[in-house]
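Engineer: Supplied structure: structure-v5.tsv, TSV, C-alpha atoms.
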```
chain	number	residue	atom	x	y	z
N	1	MET	CA	16.08	36.74	18.82
N	2	THR	CA	15.63	39.97	20.70
N	3	LEU	CA	16.63	42.75	18.34
N	4	THR	CA	13.95	45.17	19.37
N	5	ALA	CA	14.56	47.29	22.46
N	6	GLN	CA	12.12	47.00	25.37
N	7	PRO	CA	10.61	50.55	25.00
N	8	VAL	CA	9.96	49.96	21.28
N	9	ARG	CA	8.26	46.66	22.07
N	10	GLU	CA	6.04	48.38	24.63
N	11	GLU	CA	5.19	51.04	22.10
N	12	LEU	CA	4.35	48.36	19.52
N	13	ALA	CA	2.12	46.57	22.01
N	14	GLU	CA	0.39	49.85	22.72
N	15	PHE	CA	0.01	50.46	18.97
N	16	LEU	CA	-1.49	47.00	18.40
N	17	ARG	CA	-3.92	47.53	21.27
N	18	ALA	CA	-4.98	50.98	20.08
N	19	ARG	CA	-5.38	50.12	16.40
N	20	TRP	CA	-6.67	46.56	16.92
N	21	GLN	CA	-9.93	47.07	15.05
N	22	ASP	CA	-8.24	48.94	12.20
N	23	ILE	CA	-5.66	46.24	11.68
N	24	VAL	CA	-8.23	43.45	11.77
N	25	ARG	CA	-10.32	45.33	9.21
N	26	ALA	CA	-7.33	46.06	6.97
N	27	TRP	CA	-6.16	42.44	7.13
N	28	SER	CA	-9.62	41.13	6.38
N	29	ALA	CA	-9.73	43.41	3.32
N	30	ALA	CA	-6.38	42.01	2.14
N	31	ALA	CA	-8.25	38.83	1.11
N	32	VAL	CA	-5.56	36.45	2.29
N	33	PHE	CA	-8.10	34.09	3.81
N	34	GLY	CA	-10.54	32.44	1.48
N	35	HIS	CA	-13.65	32.55	3.68
N	36	ALA	CA	-17.04	33.28	2.23
N	37	ASP	CA	-18.25	34.75	5.51
N	38	PRO	CA	-16.51	38.05	6.42
N	39	ALA	CA	-17.15	37.38	10.11
N	40	ASP	CA	-15.03	34.20	9.91
N	41	THR	CA	-12.26	36.11	8.20
N	42	GLU	CA	-12.30	38.76	10.94
N	43	ASP	CA	-12.19	36.09	13.63
N	44	GLU	CA	-9.15	34.54	12.04
N	45	CYS	CA	-7.43	37.90	11.62
N	46	ALA	CA	-8.07	38.65	15.27
N	47	GLU	CA	-6.65	35.27	16.27
N	48	LEU	CA	-3.59	35.88	14.12
N	49	LEU	CA	-3.13	39.35	15.58
N	50	THR	CA	-3.34	38.02	19.13
N	51	GLY	CA	-0.49	35.65	18.34
N	52	VAL	CA	1.51	38.41	16.67
N	53	ALA	CA	1.02	40.70	19.65
N	54	GLN	CA	2.22	37.95	21.98
N	55	ALA	CA	5.30	37.27	19.82
N	56	ILE	CA	6.18	40.97	19.78
N	57	ARG	CA	5.68	41.28	23.53
N	58	GLU	CA	8.08	38.39	24.08
N	59	GLY	CA	10.55	39.74	21.53
N	60	ALA	CA	10.25	36.54	19.47
N	61	GLU	CA	8.95	38.08	16.23
N	62	GLY	CA	11.66	36.32	14.20
N	63	ASP	CA	11.19	32.83	15.62
N	64	PRO	CA	8.53	30.70	13.89
N	65	ALA	CA	8.73	28.11	16.68
N	66	ASP	CA	7.60	30.68	19.27
N	67	GLU	CA	4.43	30.16	21.28
N	68	GLY	CA	2.86	33.27	19.73
N	69	PHE	CA	2.87	31.72	16.26
N	70	SER	CA	0.93	28.64	17.31
N	71	ALA	CA	-2.21	30.71	16.66
N	72	ALA	CA	-0.93	31.36	13.15
N	73	ARG	CA	-0.33	27.61	12.77
N	74	SER	CA	-3.93	26.81	13.53
N	75	VAL	CA	-5.14	29.57	11.17
N	76	PHE	CA	-2.85	28.44	8.33
N	77	GLY	CA	-3.56	24.72	8.80
N	78	PRO	CA	-6.81	24.60	6.78
N	79	LEU	CA	-5.31	26.93	4.14
N	80	VAL	CA	-2.31	24.63	3.60
N	81	ALA	CA	-4.59	21.58	3.47
N	82	GLY	CA	-6.72	23.38	0.88
N	83	VAL	CA	-3.69	24.19	-1.28
N	84	ALA	CA	-2.45	20.58	-1.01
N	85	ALA	CA	-5.84	19.33	-2.14
N	86	GLY	CA	-5.69	21.64	-5.14
N	87	GLN	CA	-8.45	23.95	-3.87
N	88	GLY	CA	-7.69	27.65	-3.92
N	89	GLY	CA	-4.45	29.40	-4.60
N	90	ARG	CA	-1.53	29.89	-2.29
N	91	PRO	CA	-2.35	32.58	0.28
N	92	ASP	CA	-0.08	35.60	0.01
N	93	VAL	CA	0.76	36.59	3.55
N	94	ALA	CA	2.97	39.44	2.30
N	95	ALA	CA	-0.24	41.40	1.63
N	96	LEU	CA	-0.56	41.81	5.40
N	97	LYS	CA	2.59	43.88	5.64
N	98	ALA	CA	1.58	47.04	3.75
N	99	PRO	CA	-1.55	47.87	5.81
N	100	LEU	CA	0.27	47.12	9.05
N	101	LEU	CA	3.13	49.47	8.18
N	102	ARG	CA	0.75	52.15	6.93
N	103	LEU	CA	-1.14	52.09	10.24
N	104	TRP	CA	2.17	52.17	12.13
N	105	SER	CA	3.28	55.25	10.21
N	106	GLU	CA	-0.01	56.95	11.13
N	107	HIS	CA	0.46	55.99	14.77
N	108	ASP	CA	1.45	58.74	17.19
N	109	LYS	CA	4.80	57.62	18.61
N	110	PRO	CA	8.21	58.97	19.68
N	111	ALA	CA	10.11	59.73	16.45
N	112	ASP	CA	13.15	57.58	17.28
N	113	MET	CA	11.02	54.42	17.45
N	114	ALA	CA	9.56	54.65	13.94
N	115	ALA	CA	12.32	52.73	12.14
N	116	ASP	CA	12.82	50.02	14.80
N	117	GLY	CA	9.08	49.46	15.09
N	118	ALA	CA	8.68	49.14	11.32
N	119	VAL	CA	11.50	46.60	11.21
N	120	ALA	CA	9.86	44.56	13.97
N	121	LEU	CA	6.48	44.62	12.23
N	122	SER	CA	8.07	43.62	8.92
N	123	THR	CA	9.91	40.81	10.64
N	124	VAL	CA	6.71	39.51	12.17
N	125	VAL	CA	4.98	39.34	8.76
N	126	ASP	CA	8.07	37.75	7.20
N	127	THR	CA	8.02	35.13	9.94
N	128	LEU	CA	4.39	34.43	9.12
N	129	ARG	CA	5.40	33.83	5.49
N	130	LEU	CA	8.22	31.58	6.61
N	131	LEU	CA	5.83	29.67	8.83
N	132	LEU	CA	3.35	29.21	5.98
N	133	LEU	CA	6.13	27.99	3.71
N	134	GLU	CA	7.36	25.53	6.35
N	135	MET	CA	3.87	24.18	6.82
N	136	GLU	CA	3.39	23.77	3.07
N	137	LEU	CA	6.70	21.90	2.80
N	138	GLU	CA	5.78	19.64	5.70
N	139	SER	CA	2.40	18.94	4.19
N	140	SER	CA	3.79	18.09	0.75
N	141	ALA	CA	6.56	15.92	2.23
N	142	GLU	CA	3.87	14.06	4.16
N	143	THR	CA	1.84	13.59	0.97
N	144	ILE	CA	4.86	12.23	-0.90
N	145	ARG	CA	5.68	9.83	1.93
N	146	SER	CA	2.18	8.40	2.15
N	147	GLN	CA	1.89	8.09	-1.63
N	148	ARG	CA	5.21	6.26	-1.81
N	149	GLU	CA	3.95	3.79	0.79
N	150	GLN	CA	0.74	3.29	-1.16
N	151	LEU	CA	2.72	2.73	-4.33
N	152	THR	CA	4.87	0.09	-2.67
N	153	GLU	CA	1.81	-1.72	-1.37
N	154	LEU	CA	-0.09	-1.50	-4.62
N	155	SER	CA	2.69	-2.49	-6.91
N	156	THR	CA	3.45	-6.01	-5.75
N	157	PRO	CA	0.46	-8.33	-5.68
N	158	VAL	CA	1.33	-12.01	-5.94
N	159	ILE	CA	-1.31	-13.94	-7.83
N	160	LYS	CA	-1.95	-17.66	-7.67
N	161	LEU	CA	-2.58	-18.91	-11.22
N	162	TRP	CA	-2.76	-22.61	-10.44
N	163	ASP	CA	-1.79	-24.97	-7.67
N	164	GLY	CA	1.94	-24.41	-7.35
N	165	VAL	CA	2.05	-21.65	-9.97
N	166	LEU	CA	2.40	-18.01	-8.89
N	167	ALA	CA	2.62	-14.85	-10.97
N	168	ILE	CA	3.79	-11.39	-10.00
N	169	PRO	CA	2.89	-8.67	-12.48
N	170	LEU	CA	5.54	-5.98	-12.23
N	171	ILE	CA	4.18	-2.57	-13.18
N	172	GLY	CA	5.96	0.75	-13.65
N	173	THR	CA	9.56	1.74	-13.18
N	174	LEU	CA	11.36	-0.61	-10.83
N	175	ASP	CA	13.54	1.24	-8.36
N	176	SER	CA	15.56	-0.68	-5.82
N	177	MET	CA	13.02	-0.25	-3.01
N	178	ARG	CA	10.07	-1.46	-5.05
N	179	SER	CA	11.94	-4.34	-6.62
N	180	GLN	CA	13.13	-5.47	-3.19
N	181	ALA	CA	9.56	-5.39	-1.86
N	182	ALA	CA	8.40	-7.38	-4.89
N	183	THR	CA	11.13	-10.00	-4.41
N	184	GLU	CA	10.43	-10.44	-0.71
N	185	ASN	CA	6.71	-10.69	-1.33
N	186	LEU	CA	7.15	-13.30	-4.04
N	187	LEU	CA	9.56	-15.46	-2.04
N	188	GLU	CA	7.29	-15.40	1.00
N	189	GLN	CA	4.36	-16.50	-1.14
N	190	ILE	CA	6.45	-19.27	-2.72
N	191	VAL	CA	6.93	-20.72	0.75
N	192	ALA	CA	3.36	-20.07	1.89
N	193	GLN	CA	1.78	-21.68	-1.18
N	194	GLN	CA	4.54	-24.22	-1.87
N	195	ALA	CA	4.75	-22.96	-5.43
N	196	ARG	CA	7.06	-24.81	-7.78
N	197	VAL	CA	6.97	-22.16	-10.51
N	198	ALA	CA	6.86	-18.37	-10.25
N	199	ILE	CA	6.20	-16.14	-13.25
N	200	LEU	CA	7.69	-12.63	-13.27
N	201	ASP	CA	5.56	-10.71	-15.73
N	202	ILE	CA	7.20	-7.52	-16.99
N	203	THR	CA	4.46	-6.45	-19.43
N	204	GLY	CA	3.93	-3.31	-17.34
N	205	VAL	CA	7.58	-2.36	-17.11
N	206	PRO	CA	8.29	0.42	-19.62
N	207	ALA	CA	12.01	-0.18	-19.95
N	208	VAL	CA	14.45	-2.87	-18.96
N	209	ASP	CA	17.94	-1.67	-18.19
N	210	THR	CA	20.82	-3.51	-16.57
N	211	MET	CA	19.49	-2.66	-13.09
N	212	VAL	CA	16.08	-4.21	-13.75
N	213	ALA	CA	17.67	-7.25	-15.41
N	214	GLN	CA	19.95	-7.64	-12.41
N	215	HIS	CA	16.96	-7.55	-10.12
N	216	LEU	CA	15.08	-10.15	-12.19
N	217	LEU	CA	18.12	-12.42	-12.15
N	218	LYS	CA	18.55	-12.04	-8.39
N	219	THR	CA	14.92	-12.88	-7.76
N	220	ALA	CA	15.17	-15.93	-10.01
N	221	MET	CA	18.36	-17.07	-8.26
N	222	ALA	CA	16.81	-16.69	-4.82
N	223	ALA	CA	13.71	-18.61	-5.93
N	224	ARG	CA	15.93	-21.35	-7.35
N	225	LEU	CA	17.80	-21.64	-4.05
N	226	MET	CA	14.48	-22.21	-2.39
N	227	GLY	CA	13.56	-24.91	-4.88
N	228	ALA	CA	11.24	-23.01	-7.20
N	229	GLU	CA	11.71	-22.09	-10.84
N	230	CYS	CA	11.25	-18.58	-12.23
N	231	ILE	CA	9.93	-17.69	-15.67
N	232	ILE	CA	10.06	-14.19	-17.12
N	233	SER	CA	7.14	-13.26	-19.33
N	234	GLY	CA	5.84	-10.20	-21.13
N	235	ILE	CA	9.05	-9.23	-22.85
N	236	ARG	CA	7.97	-6.94	-25.70
N	237	PRO	CA	9.91	-7.01	-28.97
N	238	GLN	CA	11.50	-3.58	-28.41
N	239	ILE	CA	12.54	-4.59	-24.91
N	240	ALA	CA	14.02	-7.83	-26.20
N	241	GLN	CA	16.06	-5.80	-28.69
N	242	THR	CA	17.20	-3.34	-26.03
N	243	MET	CA	18.22	-6.19	-23.74
N	244	VAL	CA	20.31	-7.82	-26.45
N	245	GLN	CA	21.90	-4.49	-27.37
N	246	LEU	CA	22.76	-3.87	-23.73
N	247	GLY	CA	24.32	-7.31	-23.59
N	248	ILE	CA	21.98	-8.49	-20.83
N	249	ASP	CA	22.22	-12.25	-20.48
N	250	LEU	CA	19.48	-13.90	-18.47
N	251	GLY	CA	21.41	-17.17	-18.59
N	252	GLU	CA	19.36	-20.31	-18.09
N	253	LEU	CA	16.32	-18.35	-17.00
N	254	ALA	CA	13.24	-19.39	-18.97
N	255	THR	CA	11.61	-16.52	-20.84
N	256	ARG	CA	8.29	-16.35	-22.70
N	257	ALA	CA	6.66	-13.63	-24.76
N	258	SER	CA	3.31	-13.60	-22.99
N	259	LEU	CA	1.88	-14.54	-19.63
N	260	ALA	CA	-0.28	-17.18	-21.36
N	261	ASP	CA	2.81	-18.86	-22.84
N	262	ALA	CA	4.49	-18.73	-19.44
N	263	LEU	CA	1.46	-20.34	-17.78
N	264	GLY	CA	1.49	-23.08	-20.41
N	265	TYR	CA	5.15	-23.74	-19.74
N	266	ALA	CA	4.58	-23.65	-15.97
N	267	LEU	CA	1.75	-26.18	-16.21
N	268	HIS	CA	3.97	-28.40	-18.32
N	269	GLU	CA	6.75	-28.12	-15.71
N	270	THR	CA	4.37	-29.08	-12.89
N	271	GLY	CA	3.09	-32.05	-14.88
N	272	MET	CA	-0.26	-30.59	-15.85
N	273	ALA	CA	-1.87	-30.41	-19.28
N	274	VAL	CA	-4.82	-28.44	-20.58
N	275	VAL	CA	-6.98	-30.75	-22.67
N	276	ALA	CA	-10.02	-29.91	-24.81
N	277	ASP	CA	-13.27	-31.20	-23.32
N	278	GLN	CA	-14.49	-34.03	-25.56
N	279	HIS	CA	-18.09	-33.84	-24.33
N	280	ARG	CA	-18.88	-30.42	-25.75
T	281	MET	CA	26.78	-32.30	15.83
T	282	SER	CA	24.06	-32.07	18.44
T	283	ALA	CA	21.94	-29.86	16.20
T	284	THR	CA	21.76	-32.35	13.35
T	285	SER	CA	20.08	-35.70	12.89
T	286	VAL	CA	20.61	-38.15	10.02
T	287	ILE	CA	17.85	-40.62	9.15
T	288	GLU	CA	18.04	-43.15	6.37
T	289	LEU	CA	14.87	-43.45	4.34
T	290	ASP	CA	14.72	-45.81	1.39
T	291	GLY	CA	18.34	-45.27	0.43
T	292	VAL	CA	18.18	-41.51	0.99
T	293	LEU	CA	19.94	-39.86	3.93
T	294	LEU	CA	17.55	-37.35	5.43
T	295	VAL	CA	19.50	-34.66	7.27
T	296	THR	CA	17.60	-32.13	9.33
T	297	ILE	CA	19.59	-29.22	10.65
T	298	GLN	CA	17.81	-28.11	13.78
T	299	GLY	CA	19.77	-25.08	14.90
T	300	GLU	CA	22.47	-22.67	13.87
T	301	LEU	CA	25.66	-24.46	12.84
T	302	THR	CA	29.13	-23.29	13.73
T	303	ASP	CA	31.92	-23.66	11.16
T	304	HIS	CA	33.17	-26.62	13.21
T	305	ASP	CA	29.73	-28.29	13.09
T	306	ALA	CA	29.56	-27.74	9.35
T	307	ILE	CA	32.89	-29.46	8.75
T	308	ALA	CA	31.86	-32.33	11.04
T	309	LEU	CA	28.58	-32.66	9.13
T	310	GLN	CA	30.42	-32.82	5.82
T	311	GLN	CA	32.73	-35.57	7.07
T	312	ASP	CA	29.93	-37.51	8.73
T	313	LEU	CA	27.76	-37.40	5.61
T	314	THR	CA	30.61	-38.41	3.32
T	315	THR	CA	31.36	-41.42	5.54
T	316	GLN	CA	27.73	-42.45	5.81
T	317	VAL	CA	27.05	-42.14	2.08
T	318	ALA	CA	30.03	-44.39	1.38
T	319	GLU	CA	29.16	-46.92	4.14
T	320	ARG	CA	25.45	-47.21	3.42
T	321	GLY	CA	25.69	-46.88	-0.33
T	322	ALA	CA	23.06	-44.15	-0.21
T	323	ARG	CA	21.69	-42.89	-3.51
T	324	GLY	CA	20.76	-39.46	-2.24
T	325	VAL	CA	21.22	-36.92	0.51
T	326	LEU	CA	18.42	-34.58	1.45
T	327	ILE	CA	19.43	-31.66	3.66
T	328	ASN	CA	16.55	-29.82	5.29
T	329	ILE	CA	17.62	-26.29	6.27
T	330	SER	CA	14.16	-24.86	6.96
T	331	ALA	CA	15.12	-24.25	10.60
T	332	LEU	CA	18.12	-22.14	9.65
T	333	GLU	CA	17.62	-18.41	9.89
T	334	ILE	CA	21.21	-17.60	9.06
T	335	VAL	CA	23.37	-19.25	6.42
T	336	ASP	CA	26.80	-17.67	6.15
T	337	SER	CA	29.15	-17.94	3.22
T	338	PHE	CA	31.08	-20.77	4.89
T	339	LEU	CA	28.01	-22.92	5.43
T	340	ALA	CA	26.82	-22.18	1.89
T	341	ARG	CA	30.17	-23.29	0.52
T	342	THR	CA	30.07	-26.40	2.71
T	343	LEU	CA	26.63	-27.33	1.36
T	344	HIS	CA	27.98	-26.87	-2.15
T	345	GLU	CA	30.97	-29.05	-1.31
T	346	ILE	CA	28.78	-31.75	0.22
T	347	ALA	CA	26.87	-31.84	-3.08
T	348	GLY	CA	30.12	-32.17	-5.00
T	349	VAL	CA	31.52	-34.91	-2.73
T	350	THR	CA	28.32	-36.99	-2.65
T	351	SER	CA	27.94	-36.80	-6.43
T	352	LEU	CA	31.41	-38.36	-6.68
T	353	LEU	CA	30.02	-41.15	-4.50
T	354	ALA	CA	27.01	-41.52	-6.84
T	355	ALA	CA	24.60	-39.87	-4.44
T	356	GLU	CA	22.75	-36.72	-5.33
T	357	THR	CA	22.30	-33.93	-2.77
T	358	VAL	CA	19.14	-31.85	-2.59
T	359	VAL	CA	18.86	-28.89	-0.26
T	360	VAL	CA	15.28	-28.20	0.82
T	361	GLY	CA	13.35	-25.55	2.70
T	362	MET	CA	15.64	-22.58	2.35
T	363	ARG	CA	13.94	-19.52	3.78
T	364	PRO	CA	13.30	-16.45	1.60
T	365	GLU	CA	15.52	-14.16	3.66
T	366	VAL	CA	18.35	-16.70	3.52
T	367	ALA	CA	17.95	-17.04	-0.25
T	368	ILE	CA	18.01	-13.25	-0.74
T	369	THR	CA	21.09	-12.92	1.45
T	370	LEU	CA	22.97	-15.64	-0.42
T	371	VAL	CA	22.14	-14.06	-3.77
T	372	GLU	CA	23.25	-10.64	-2.48
T	373	LEU	CA	26.51	-12.26	-1.39
T	374	GLY	CA	26.89	-13.63	-4.90
T	375	LEU	CA	26.59	-17.23	-3.68
T	376	THR	CA	24.14	-18.61	-6.23
T	377	LEU	CA	25.38	-22.19	-5.62
T	378	ASN	CA	25.07	-23.20	-9.26
T	379	GLY	CA	24.62	-26.90	-9.73
T	380	LEU	CA	23.15	-27.42	-6.28
T	381	ARG	CA	19.72	-29.01	-6.51
T	382	THR	CA	16.99	-27.46	-4.38
T	383	ALA	CA	13.38	-28.17	-3.48
T	384	LEU	CA	10.66	-26.42	-1.53
T	385	SER	CA	9.86	-29.14	0.98
T	386	VAL	CA	11.05	-32.55	2.12
T	387	SER	CA	8.31	-34.31	0.15
T	388	ASP	CA	9.18	-32.37	-3.01
T	389	GLY	CA	12.83	-33.23	-2.45
T	390	LEU	CA	12.10	-36.94	-1.94
T	391	SER	CA	10.05	-37.02	-5.15
T	392	MET	CA	13.20	-35.93	-6.98
T	393	PHE	CA	14.74	-39.31	-6.06
T	394	GLY	CA	11.54	-41.17	-6.92
T	395	GLY	CA	11.70	-44.24	-9.18
T	396	ALA	CA	15.44	-44.53	-9.00
T	397	SER	CA	15.11	-46.78	-5.96
T	398	ILE	CA	13.14	-49.36	-7.90
T	399	ALA	CA	15.58	-49.15	-10.78
T	400	ARG	CA	18.48	-49.81	-8.46
T	401	ARG	CA	16.75	-52.72	-6.81
T	402	ALA	CA	16.08	-54.20	-10.20
T	403	GLU	CA	19.74	-53.65	-11.03
T	404	GLY	CA	20.80	-55.44	-7.84
T	405	ALA	CA	18.38	-58.33	-8.23
```
Show me the file's structure as structure tokens.

Structural biologist:
Amino acid sequence: MTLTAQPVREELAEFLRARWQDIVRAWSAAAVFGHADPADTEDECAELLTGVAQAIREGAEGDPADEGFSAARSVFGPLVAGVAAGQGGRPDVAALKAPLLRLWSEHDKPADMAADGAVALSTVVDTLRLLLLEMELESSAETIRSQREQLTELSTPVIKLWDGVLAIPLIGTLDSMRSQAATENLLEQIVAQQARVAILDITGVPAVDTMVAQHLLKTAMAARLMGAECIISGIRPQIAQTMVQLGIDLGELATRASLADALGYALHETGMAVVADQHR
Amino acid sequence: MSATSVIELDGVLLVTIQGELTDHDAIALQQDLTTQVAERGARGVLINISALEIVDSFLARTLHEIAGVTSLLAAETVVVGMRPEVAITLVELGLTLNGLRTALSVSDGLSMFGGASIARRAEGA
């Protein structure tokens, strides 16, 4: 992206060299960087300016991927991380533009270069904003990705209630990815623990629609094919009403109101009985 | 039929499928089992598919048919050891194989025939 003519670029480089200290001071005063120590702020401004000068020299002031902006990347990195962690506000890079342009207008230069130079300097600051925005987007996308992974891991623990009796407490809204992970996890555990009965507990599921019902049915069918029986527990009264109104038919699938009832039924199915201790 | 062995155990035909079956193998298995159930007067057929990583719709239908045929010959069929991924795939294909009896392991499957053997012997005696 070489829009700026070679003589203008040389003039800009000369300007940046001549007014280096002024620019660094002006930028530091713009309070874009949240450092307590002014010396740190000046260091960062100087680093940023070095990158900017390089980008302008190479005529790449509009390209955020350019080598010159890697300095800006390292300066912005901690800022973006701070914003993502909820510390400090979003830095406003646009505040760097006004002092830069003011100093440029004071600079002694051939008259025909004033406009082109100002455009180039504006572009460079705009690119910095773009870069910051890109980095923020990347950082938040990364956060979302890692949180989604955590959610998938957290949401599907398979619990052994008794020999041959497993329970999987389903919690939160079941989308297709999470429900698939839950199903796979449960079926693997059925094989690993040779469980005859598996309880799908939906106490933590806020709403049961046709999708969720479909998923529960599929899981139960798959478990049955493997030789295990599925019980659905934790159906709250409102949910039971909704399911009937939606016309959801769970067929022969055993259902119980609470996990305790389901465990009782499961023990009965596996030939166990809970008996009161006579010696107490 | 090289991938399949049939062992008779106390009136139950124990079939272990040891590798992937072609459609041809599946048909041969169905015919072989039908013949053997009739000849030996078996009271049950236990098909162990724990070695199968892939069960296609044809094989699933064949298993279902074997169950239907043997029940006509007074022998119940139990399919044991289906892998989770196979079960999920069959359900996704809509092949829920209703009416087919299943068990987790061979011992679980054999216990489903338990007692009947004694009853039959008593009947015969």

Engineer: Would you mind telling me which residue in T:Arg320, T:His344, T:Arg381, T:His304 lies nearest to chain N when using all atoms listed in the file?

Structural biologist: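 When distances to chain N are compared using all atoms listed in the file, the smallest one comes from T:Arg381.
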
Engineer: Can you work out which residues from chain T touch chain N at a cut-off of 10 Å (counting only C-alpha atoms) and hand them back as a JSON list (two decimals) with C-alpha atoms, in the coordinates of the input?

Structural biologist:
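Result file follows (iface-v2.json):
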```json
[["chain", "number", "residue", "atom", "x", "y", "z"],
["T", 330, "SER", "CA", 14.16, -24.86, 6.96],
["T", 358, "VAL", "CA", 19.14, -31.85, -2.59],
["T", 359, "VAL", "CA", 18.86, -28.89, -0.26],
["T", 360, "VAL", "CA", 15.28, -28.20, 0.82],
["T", 361, "GLY", "CA", 13.35, -25.55, 2.70],
["T", 362, "MET", "CA", 15.64, -22.58, 2.35],
["T", 363, "ARG", "CA", 13.94, -19.52, 3.78],
["T", 364, "PRO", "CA", 13.30, -16.45, 1.60],
["T", 365, "GLU", "CA", 15.52, -14.16, 3.66],
["T", 366, "VAL", "CA", 18.35, -16.70, 3.52],
["T", 367, "ALA", "CA", 17.95, -17.04, -0.25],
["T", 368, "ILE", "CA", 18.01, -13.25, -0.74],
["T", 369, "THR", "CA", 21.09, -12.92, 1.45],
["T", 370, "LEU", "CA", 22.97, -15.64, -0.42],
["T", 371, "VAL", "CA", 22.14, -14.06, -3.77],
["T", 372, "GLU", "CA", 23.25, -10.64, -2.48],
["T", 374, "GLY", "CA", 26.89, -13.63, -4.90],
["T", 375, "LEU", "CA", 26.59, -17.23, -3.68],
["T", 376, "THR", "CA", 24.14, -18.61, -6.23],
["T", 377, "LEU", "CA", 25.38, -22.19, -5.62],
["T", 378, "ASN", "CA", 25.07, -23.20, -9.26],
["T", 380, "LEU", "CA", 23.15, -27.42, -6.28],
["T", 381, "ARG", "CA", 19.72, -29.01, -6.51],
["T", 382, "THR", "CA", 16.99, -27.46, -4.38],
["T", 383, "ALA", "CA", 13.38, -28.17, -3.48],
["T", 384, "LEU", "CA", 10.66, -26.42, -1.53],
["T", 385, "SER", "CA", 9.86, -29.14, 0.98],
["T", 388, "ASP", "CA", 9.18, -32.37, -3.01],
["T", 389, "GLY", "CA", 12.83, -33.23, -2.45]]
```

Engineer: Quick one: distance from atom CA of Leu48 of chain N to atom CA of His107 of chain N in Å, one decimal?

Structural biologist: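 Separating atom CA of Leu48 of chain N from atom CA of His107 of chain N is a distance of 20.5 Å.
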
Engineer: Fewer than 2 positions away in the same chain doesn't count, so skip those; otherwise give me all residues within 12 Å of Thr284 of chain T, counting all atoms listed in the file, as a PyMOL selection string.

Structural biologist: chain T and resi 281-282+286-287+294-302+305-306+308-310+312-313+327-329+331-332

Engineer: Find the distance between atom CA of Ile232 of chain N and atom CA of Gly247 of chain N and write it in Å to one decimal.

Structural biologist: 17.1 Å

Engineer: Which is closer to Thr203 of chain N than all the others in N:Thr127, N:Ser74, N:Thr173, N:Ser258, using all atoms listed in the file?

Structural biologist: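 Residue with the minimum atom-to-atom distance to Thr203 of chain N: N:Ser258.
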
Engineer: Suppose you want the space between atom CA of Arg236 of chain N and atom CA of Asp201 of chain N; what is it in Å?

Structural biologist: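 Value for the atom CA of Arg236 of chain N-atom CA of Asp201 of chain N distance: 10.9 Å.
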
Engineer: Which residues, protein or nucleic acid, reach to within 8 Å of (19.8, -39.8, 4.1) in the file's coordinates when using only C-alpha atoms, and can you give that as a list of chain:residue names?

Structural biologist: T:Val286, T:Ile287, T:Glu288, T:Leu289, T:Gly291, T:Val292, T:Leu293, T:Leu294, T:Val295, T:Val317, T:Ala322, T:Gly324, T:Val325, T:Leu326

Engineer: Write out, as a tab-separated table (two decimals), keeping the file's coordinate frame, the residues just selected, with C-alpha atoms.

Structural biologist:
```
chain	number	residue	atom	x	y	z
T	286	VAL	CA	20.61	-38.15	10.02
T	287	ILE	CA	17.85	-40.62	9.15
T	288	GLU	CA	18.04	-43.15	6.37
T	289	LEU	CA	14.87	-43.45	4.34
T	291	GLY	CA	18.34	-45.27	0.43
T	292	VAL	CA	18.18	-41.51	0.99
T	293	LEU	CA	19.94	-39.86	3.93
T	294	LEU	CA	17.55	-37.35	5.43
T	295	VAL	CA	19.50	-34.66	7.27
T	317	VAL	CA	27.05	-42.14	2.08
T	322	ALA	CA	23.06	-44.15	-0.21
T	324	GLY	CA	20.76	-39.46	-2.24
T	325	VAL	CA	21.22	-36.92	0.51
T	326	LEU	CA	18.42	-34.58	1.45
```

Engineer: Compare T:Val386, T:Ile307, T:Ala354, T:Leu373 by their minimum atom-to-atom distance to Asp336 of chain T, counting only C-alpha atoms, and give me the closest one.

Structural biologist: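 Among the listed residues, T:Leu373 lies closest to Asp336 of chain T.
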
Engineer: For Ala26 of chain N, please output as a list of chain:residue names all residues within 9 Å (counting only C-alpha atoms; exclusion window: fewer than 5 positions along the same chain).

Structural biologist: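 In the requested form, the answer reads N:Gln21, N:Leu96, N:Pro99, N:Leu100.
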
Engineer: So that I have them on file, write out the residues from the current selection with C-alpha atoms, as a CSV table (one decimal), in the frame of the given file.

Structural biologist:
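Output (out_6.csv):
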```csv
chain,number,residue,atom,x,y,z
N,21,GLN,CA,-9.9,47.1,15.0
N,96,LEU,CA,-0.6,41.8,5.4
N,99,PRO,CA,-1.6,47.9,5.8
N,100,LEU,CA,0.3,47.1,9.0
```

Engineer: Restricting the calculation to only C-alpha atoms: of T:Gln316, T:Leu339, T:Gly321, T:Phe393, which residue gets closest to Thr357 of chain T?

Structural biologist: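 Among the listed residues, the smallest separation from Thr357 of chain T belongs to T:Phe393.
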
Engineer: Just the residues within 10 Å of Ala5 of chain N, please, counting only C-alpha atoms, with nothing from its chain fewer than 2 positions along; format it as a list in words.

Structural biologist: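 The residues satisfying every condition are Thr2, Leu3, Pro7, Val8, Arg9, Glu10, Gly59, Met113, Asp116 and Gly117 of chain N.
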
Engineer: Which residues come within 10 Å of Asp209 of chain N, counting all atoms listed in the file, excluding same-chain residues fewer than 2 positions away, as a compact mmCIF listing (two decimals) with C-alpha atoms, keeping the file's coordinate frame?

Structural biologist:
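The file below, out.txt, is the result:
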```txt
# COMPACT_ATOMS: atom_id res chain seq x y z
CA LEU N 174 11.36 -0.61 -10.83
CA PRO N 206 8.29 0.42 -19.62
CA ALA N 207 12.01 -0.18 -19.95
CA MET N 211 19.49 -2.66 -13.09
CA VAL N 212 16.08 -4.21 -13.75
CA ALA N 213 17.67 -7.25 -15.41
CA GLN N 214 19.95 -7.64 -12.41
CA ILE N 239 12.54 -4.59 -24.91
CA THR N 242 17.20 -3.34 -26.03
CA MET N 243 18.22 -6.19 -23.74
CA LEU N 246 22.76 -3.87 -23.73
CA ILE N 248 21.98 -8.49 -20.83
```
